[in-house]
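Here is the file entry25.cif (mmCIF, C-alpha atoms, pLDDT in the B column; chains and numbers go by the auth columns).
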```cif
data_target
#
loop_
_atom_site.group_PDB
_atom_site.id
_atom_site.type_symbol
_atom_site.label_atom_id
_atom_site.label_comp_id
_atom_site.label_asym_id
_atom_site.label_seq_id
_atom_site.Cartn_x
_atom_site.Cartn_y
_atom_site.Cartn_z
_atom_site.B_iso_or_equiv
_atom_site.auth_seq_id
_atom_site.auth_asym_id
ATOM 1 C CA MET A 1 -5.981 -24.179 -25.149 46.00 1 A
ATOM 2 C CA SER A 2 -3.307 -23.459 -22.566 60.00 2 A
ATOM 3 C CA LEU A 3 -3.942 -22.304 -19.040 75.00 3 A
ATOM 4 C CA ARG A 4 -3.078 -18.701 -18.331 88.00 4 A
ATOM 5 C CA TYR A 5 -3.552 -19.172 -14.593 94.00 5 A
ATOM 6 C CA LEU A 6 -4.384 -21.895 -12.086 95.00 6 A
ATOM 7 C CA PRO A 7 -8.174 -21.784 -11.764 95.00 7 A
ATOM 8 C CA GLU A 8 -8.183 -23.142 -8.208 96.00 8 A
ATOM 9 C CA HIS A 9 -6.540 -19.879 -7.063 96.00 9 A
ATOM 10 C CA ALA A 10 -8.804 -17.539 -9.044 97.00 10 A
ATOM 11 C CA GLU A 11 -11.476 -16.916 -6.420 96.00 11 A
ATOM 12 C CA ASN A 12 -8.979 -16.030 -3.679 97.00 12 A
ATOM 13 C CA ALA A 13 -7.017 -13.796 -6.033 97.00 13 A
ATOM 14 C CA LEU A 14 -10.155 -11.945 -7.139 97.00 14 A
ATOM 15 C CA LEU A 15 -11.332 -11.492 -3.545 97.00 15 A
ATOM 16 C CA ALA A 16 -7.930 -10.102 -2.574 98.00 16 A
ATOM 17 C CA LEU A 17 -7.985 -7.746 -5.561 98.00 17 A
ATOM 18 C CA GLU A 18 -11.489 -6.544 -4.711 98.00 18 A
ATOM 19 C CA LEU A 19 -10.439 -5.804 -1.130 98.00 19 A
ATOM 20 C CA ALA A 20 -7.281 -4.052 -2.360 98.00 20 A
ATOM 21 C CA HIS A 21 -9.435 -1.757 -4.509 98.00 21 A
ATOM 22 C CA LYS A 22 -11.606 -0.870 -1.508 98.00 22 A
ATOM 23 C CA GLU A 23 -8.633 -0.250 0.767 98.00 23 A
ATOM 24 C CA ALA A 24 -6.881 1.794 -1.923 98.00 24 A
ATOM 25 C CA ALA A 25 -9.994 3.955 -2.374 98.00 25 A
ATOM 26 C CA HIS A 26 -10.109 4.705 1.355 98.00 26 A
ATOM 27 C CA LEU A 27 -6.401 5.533 1.431 98.00 27 A
ATOM 28 C CA GLN A 28 -6.743 7.644 -1.723 98.00 28 A
ATOM 29 C CA TYR A 29 -9.411 9.760 -0.054 98.00 29 A
ATOM 30 C CA THR A 30 -7.315 10.350 3.060 97.00 30 A
ATOM 31 C CA HIS A 31 -4.171 10.866 0.973 97.00 31 A
ATOM 32 C CA SER A 32 -5.819 13.518 -1.214 97.00 32 A
ATOM 33 C CA THR A 33 -7.385 15.436 1.675 96.00 33 A
ATOM 34 C CA LEU A 34 -4.283 15.262 3.875 96.00 34 A
ATOM 35 C CA PHE A 35 -1.827 16.323 1.192 96.00 35 A
ATOM 36 C CA ALA A 36 -4.088 19.070 -0.134 96.00 36 A
ATOM 37 C CA GLN A 37 -2.750 20.988 2.875 93.00 37 A
ATOM 38 C CA SER A 38 0.642 22.639 2.972 94.00 38 A
ATOM 39 C CA ILE A 39 2.599 20.318 5.237 95.00 39 A
ATOM 40 C CA ASP A 40 5.764 21.670 6.804 95.00 40 A
ATOM 41 C CA ALA A 41 7.474 21.644 10.219 93.00 41 A
ATOM 42 C CA ALA A 42 5.022 24.212 11.636 93.00 42 A
ATOM 43 C CA TRP A 43 2.087 22.052 10.524 93.00 43 A
ATOM 44 C CA VAL A 44 3.649 19.016 12.236 91.00 44 A
ATOM 45 C CA GLN A 45 4.203 20.997 15.435 89.00 45 A
ATOM 46 C CA ARG A 46 0.495 21.893 15.506 89.00 46 A
ATOM 47 C CA LEU A 47 -0.422 18.188 15.638 86.00 47 A
ATOM 48 C CA THR A 48 -0.067 18.110 19.432 84.00 48 A
ATOM 49 C CA SER A 49 -2.725 20.796 19.856 91.00 49 A
ATOM 50 C CA ARG A 50 -4.981 20.062 16.859 89.00 50 A
ATOM 51 C CA ASP A 51 -7.001 16.907 17.315 91.00 51 A
ATOM 52 C CA ASP A 52 -8.477 17.220 13.816 91.00 52 A
ATOM 53 C CA LEU A 53 -5.000 17.110 12.237 90.00 53 A
ATOM 54 C CA ALA A 54 -3.861 14.281 14.498 87.00 54 A
ATOM 55 C CA GLU A 55 -6.978 12.332 13.579 92.00 55 A
ATOM 56 C CA LYS A 56 -6.253 12.833 9.856 92.00 56 A
ATOM 57 C CA ILE A 57 -2.721 11.497 10.410 92.00 57 A
ATOM 58 C CA ASP A 58 -4.076 8.511 12.325 91.00 58 A
ATOM 59 C CA ALA A 59 -6.479 7.721 9.472 95.00 59 A
ATOM 60 C CA PHE A 60 -3.706 8.029 6.889 96.00 60 A
ATOM 61 C CA VAL A 61 -1.275 5.844 8.861 94.00 61 A
ATOM 62 C CA SER A 62 -3.933 3.219 9.536 95.00 62 A
ATOM 63 C CA ARG A 63 -5.092 3.037 5.929 97.00 63 A
ATOM 64 C CA PHE A 64 -1.533 3.140 4.597 97.00 64 A
ATOM 65 C CA GLY A 65 -0.541 0.238 6.843 94.00 65 A
ATOM 66 C CA ARG A 66 -3.662 -1.754 6.086 96.00 66 A
ATOM 67 C CA LEU A 67 -3.203 -1.473 2.307 97.00 67 A
ATOM 68 C CA GLN A 68 0.477 -2.248 2.499 95.00 68 A
ATOM 69 C CA ASP A 69 -0.123 -5.299 4.701 94.00 69 A
ATOM 70 C CA HIS A 70 -2.860 -6.524 2.386 97.00 70 A
ATOM 71 C CA LEU A 71 -0.674 -6.186 -0.681 97.00 71 A
ATOM 72 C CA GLY A 72 2.306 -7.912 0.899 95.00 72 A
ATOM 73 C CA GLU A 73 0.479 -10.617 2.817 94.00 73 A
ATOM 74 C CA LYS A 74 -2.515 -11.379 0.594 96.00 74 A
ATOM 75 C CA LEU A 75 -2.753 -9.821 -2.855 98.00 75 A
ATOM 76 C CA ILE A 76 0.768 -10.391 -4.180 97.00 76 A
ATOM 77 C CA PRO A 77 1.079 -13.932 -2.757 97.00 77 A
ATOM 78 C CA ARG A 78 -2.350 -14.891 -4.105 97.00 78 A
ATOM 79 C CA PHE A 79 -1.534 -13.597 -7.565 97.00 79 A
ATOM 80 C CA ALA A 80 1.833 -15.363 -7.452 97.00 80 A
ATOM 81 C CA ALA A 81 0.029 -18.618 -6.574 96.00 81 A
ATOM 82 C CA LEU A 82 -2.504 -17.937 -9.320 97.00 82 A
ATOM 83 C CA LEU A 83 0.365 -17.868 -11.811 96.00 83 A
ATOM 84 C CA GLY A 84 1.983 -20.993 -10.377 95.00 84 A
ATOM 85 C CA GLU A 85 4.679 -19.286 -8.337 94.00 85 A
ATOM 86 C CA ALA A 86 5.263 -20.217 -4.703 88.00 86 A
ATOM 87 C CA PRO A 87 7.659 -17.703 -3.108 79.00 87 A
ATOM 88 C CA LYS A 88 9.005 -18.950 0.208 85.00 88 A
ATOM 89 C CA SER A 89 9.701 -15.669 1.985 92.00 89 A
ATOM 90 C CA MET A 90 8.567 -12.048 1.888 90.00 90 A
ATOM 91 C CA LEU A 91 11.790 -11.152 0.061 92.00 91 A
ATOM 92 C CA ASP A 92 11.215 -13.881 -2.540 93.00 92 A
ATOM 93 C CA MET A 93 7.654 -12.736 -3.004 95.00 93 A
ATOM 94 C CA LEU A 94 8.670 -9.097 -3.461 95.00 94 A
ATOM 95 C CA ALA A 95 11.447 -10.091 -5.874 95.00 95 A
ATOM 96 C CA TYR A 96 8.846 -11.982 -7.918 96.00 96 A
ATOM 97 C CA ALA A 97 6.462 -9.001 -7.782 97.00 97 A
ATOM 98 C CA GLU A 98 9.279 -6.744 -8.996 97.00 98 A
ATOM 99 C CA LYS A 99 10.098 -9.166 -11.820 96.00 99 A
ATOM 100 C CA MET A 100 6.416 -9.171 -12.808 97.00 100 A
ATOM 101 C CA GLN A 101 6.467 -5.347 -12.620 97.00 101 A
ATOM 102 C CA TRP A 102 3.723 -5.307 -9.997 98.00 102 A
ATOM 103 C CA VAL A 103 5.997 -3.350 -7.653 97.00 103 A
ATOM 104 C CA GLU A 104 8.508 -0.858 -8.927 95.00 104 A
ATOM 105 C CA SER A 105 11.131 -1.823 -6.372 96.00 105 A
ATOM 106 C CA ALA A 106 11.144 -4.492 -3.694 96.00 106 A
ATOM 107 C CA GLU A 107 13.524 -2.277 -1.739 95.00 107 A
ATOM 108 C CA PHE A 108 11.127 0.684 -1.884 94.00 108 A
ATOM 109 C CA PHE A 109 8.240 -1.556 -0.790 95.00 109 A
ATOM 110 C CA ILE A 110 10.248 -2.775 2.222 93.00 110 A
ATOM 111 C CA GLY A 111 11.332 0.777 3.028 92.00 111 A
ATOM 112 C CA ALA A 112 7.710 1.859 3.040 91.00 112 A
ATOM 113 C CA ARG A 113 7.025 -0.688 5.784 86.00 113 A
ATOM 114 C CA LYS A 114 9.552 1.082 7.991 86.00 114 A
ATOM 115 C CA LEU A 115 7.778 4.401 7.493 89.00 115 A
ATOM 116 C CA ARG A 116 4.766 3.142 9.379 84.00 116 A
ATOM 117 C CA ASN A 117 6.678 2.884 12.641 79.00 117 A
ATOM 118 C CA LEU A 118 8.003 6.402 12.247 81.00 118 A
ATOM 119 C CA LEU A 119 4.557 7.738 11.461 86.00 119 A
ATOM 120 C CA VAL A 120 3.032 6.109 14.507 79.00 120 A
ATOM 121 C CA HIS A 121 5.537 7.411 17.054 68.00 121 A
ATOM 122 C CA GLU A 122 7.668 10.286 15.866 59.00 122 A
ATOM 123 C CA TYR A 123 5.319 13.253 15.657 61.00 123 A
ATOM 124 C CA MET A 124 5.303 13.384 19.435 66.00 124 A
ATOM 125 C CA THR A 125 9.107 13.552 19.690 79.00 125 A
ATOM 126 C CA ASP A 126 10.894 14.568 16.496 86.00 126 A
ATOM 127 C CA THR A 127 9.206 17.080 14.201 87.00 127 A
ATOM 128 C CA GLU A 128 11.747 16.925 11.380 90.00 128 A
ATOM 129 C CA LEU A 129 11.945 13.120 11.316 89.00 129 A
ATOM 130 C CA PHE A 130 8.161 12.889 11.281 89.00 130 A
ATOM 131 C CA LEU A 131 7.880 15.469 8.505 92.00 131 A
ATOM 132 C CA GLN A 132 10.335 13.546 6.333 93.00 132 A
ATOM 133 C CA ALA A 133 8.559 10.256 7.069 93.00 133 A
ATOM 134 C CA LEU A 134 5.185 11.784 6.197 94.00 134 A
ATOM 135 C CA LEU A 135 6.456 13.189 2.899 95.00 135 A
ATOM 136 C CA SER A 136 8.055 9.831 2.086 96.00 136 A
ATOM 137 C CA ALA A 137 4.786 8.074 2.948 96.00 137 A
ATOM 138 C CA ARG A 138 3.038 10.332 0.446 97.00 138 A
ATOM 139 C CA GLU A 139 5.221 8.884 -2.314 96.00 139 A
ATOM 140 C CA ALA A 140 4.964 5.368 -0.903 97.00 140 A
ATOM 141 C CA ALA A 141 1.150 5.546 -0.920 98.00 141 A
ATOM 142 C CA GLU A 142 1.283 6.482 -4.594 98.00 142 A
ATOM 143 C CA MET A 143 3.498 3.432 -5.165 97.00 143 A
ATOM 144 C CA LEU A 144 0.880 1.263 -3.421 98.00 144 A
ATOM 145 C CA PHE A 145 -1.816 2.666 -5.727 98.00 145 A
ATOM 146 C CA ARG A 146 0.328 1.820 -8.752 98.00 146 A
ATOM 147 C CA THR A 147 0.854 -1.708 -7.391 98.00 147 A
ATOM 148 C CA VAL A 148 -2.899 -2.302 -7.172 98.00 148 A
ATOM 149 C CA ALA A 149 -3.291 -0.945 -10.715 98.00 149 A
ATOM 150 C CA ALA A 150 -0.493 -3.177 -12.030 98.00 150 A
ATOM 151 C CA ILE A 151 -2.020 -6.299 -10.502 98.00 151 A
ATOM 152 C CA ASP A 152 -5.433 -5.278 -11.800 97.00 152 A
ATOM 153 C CA ALA A 153 -3.888 -4.971 -15.272 97.00 153 A
ATOM 154 C CA GLU A 154 -2.368 -8.449 -14.839 97.00 154 A
ATOM 155 C CA ALA A 155 -5.791 -9.839 -13.945 97.00 155 A
ATOM 156 C CA ALA A 156 -7.237 -8.276 -17.090 95.00 156 A
ATOM 157 C CA ALA A 157 -4.372 -9.526 -19.253 94.00 157 A
ATOM 158 C CA ILE A 158 -4.853 -13.135 -18.168 95.00 158 A
ATOM 159 C CA GLY A 159 -8.629 -12.934 -18.509 93.00 159 A
ATOM 160 C CA LEU A 160 -9.341 -13.238 -14.814 92.00 160 A
ATOM 161 C CA HIS A 161 -11.902 -10.405 -14.749 80.00 161 A
ATOM 162 C CA GLY A 162 -14.036 -12.249 -17.289 64.00 162 A
ATOM 163 C CA LYS A 163 -14.035 -15.412 -15.163 53.00 163 A
ATOM 164 C CA PRO A 164 -17.576 -16.821 -14.720 46.00 164 A
#
```
Would you mind giving the structure from this file in structure tokens?
Amino acid sequence: MSLRYLPEHAENALLALELAHKEAAHLQYTHSTLFAQSIDAAWVQRLTSRDDLAEKIDAFVSRFGRLQDHLGEKLIPRFAALLGEAPKSMLDMLAYAEKMQWVESAEFFIGARKLRNLLVHEYMTDTELFLQALLSAREAAEMLFRTVAAIDAEAAAIGLHGKP
């Protein structure tokens, strides 16, 4: 029998995957309720006077950032280690994740990190920039959901879910 993964990394990888599922579920809820609305420049302009909308944005940005950080700093590196890979930098790790088809594009993943800064600051100053960032974050969140699903599929393929 050959090893399909390094068993000493299994527990950490499974814990990271479990947390990713929880964080993705929270983001999915906020994502679906936020984007069920018609979001345009007028909607963005109302953010300064509508605390309920601003709070929804804050929840989305927080959950988006938390899931993205978890994927980049914990889940992907732990699954790389599980499979015997030891990327040295964030770029190496994302290149490996792209090669494994866990992320669609390392460049898109990095670009999504930049969105967070725009989402945190720009609705107070630049309506159009914020609107574009928010619409881009909608797509980026969907990419994060697909990343969790791809790593979950990897775990199933290597038999990690059936681990005692």
- prompt: Do you know which residues are at most 12 Å from Asn117 of chain A counting all atoms listed in the file, after dropping those on the same chain fewer than 3 positions away, and could you put them as a list of chain:residue names?
  reply: A:Val61, A:Ser62, A:Phe64, A:Gly65, A:Gly111, A:Ala112, A:Arg113, A:Lys114, A:Val120, A:His121, A:Glu122, A:Tyr123, A:Leu129, A:Phe130, A:Ala133, A:Leu134, A:Ala137
query: Do you know which residues are at most 10 Å from Gln132 of chain A counting all atoms listed in the file, after dropping those on the same chain fewer than 4 positions away, and could you put them as a ChimeraX atom specification?
result: /A:40-41,115,118-119,127-128,136-138
field: Matched chain/residue IDs from the PyMOL selection byres ((chain A and resi 18-23) around 8), as a PyMOL selection string
entry: chain A and resi 14-17+24-27+63+66-67+70-71+75+148
message: Under the PyMOL selection byres ((chain A and resi 151) around 12), which residues of this model are included? Write them out as a ChimeraX atom specification.
response: /A:13-14,16-18,20-21,71,75-80,82-83,97-98,100-104,144-150,152-158,160-161
Padding 6 Å on every side, please: axis-aligned box over the listed atoms of segment 81-98 of chain A, centre and edge lengths to one decimal in Å, as AutoDock Vina command-line options.
```
--center_x 4.6 --center_y -13.9 --center_z -4.9 --size_x 26.3 --size_y 26.2 --size_z 25.8
```
query: atom CA of Leu94 of chain A and atom CA of Leu34 of chain A, how far apart in Å?
result: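 So the answer is 28.5 Å.
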- prompt: Which distance in Å separates atom CA of Ile110 of chain A and atom CA of Ala36 of chain A, to one decimal?
  reply: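 Computing the Euclidean distance for atom CA of Ile110 of chain A and atom CA of Ala36 of chain A yields 26.2 Å.
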- request: Find the residue from A:Arg50, A:Phe108, A:Leu3, A:Asp126 that sits nearest to Gln68 of chain A; use all atoms listed in the file when measuring.
  value: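 That would be A:Phe108, the residue with the smallest distance to Gln68 of chain A.
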task: Identify which of the residues A:Tyr5, A:His31, A:Ser38, A:Leu91 lies closest to Ser105 of chain A, counting all atoms listed in the file when measuring atom-to-atom distances.
output: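 The closest residue to Ser105 of chain A is A:Leu91.
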field: Which of A:Gln28, A:Asp92, A:Pro87, A:Asp52 sits closest to Ala140 of chain A [using all atoms listed in the file]
entry: A:Gln28
query: To one decimal place, how far is atom CA of Met93 of chain A from atom CA of Glu107 of chain A in Å?
result: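 So the answer is 12.1 Å.
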Nearest candidate to Ala42 of chain A (options A:Leu131, A:Asp69, A:Pro7, A:Met90; using only C-alpha atoms):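 Closest residue, counting only C-alpha atoms: A:Leu131.
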message: I'd like to know which of A:Lys56, A:Gly84, A:Ala106, A:Ala95 is closest to Ala10 of chain A, using all atoms listed in the file.
response: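 So, comparing all the options, the nearest one is A:Gly84.
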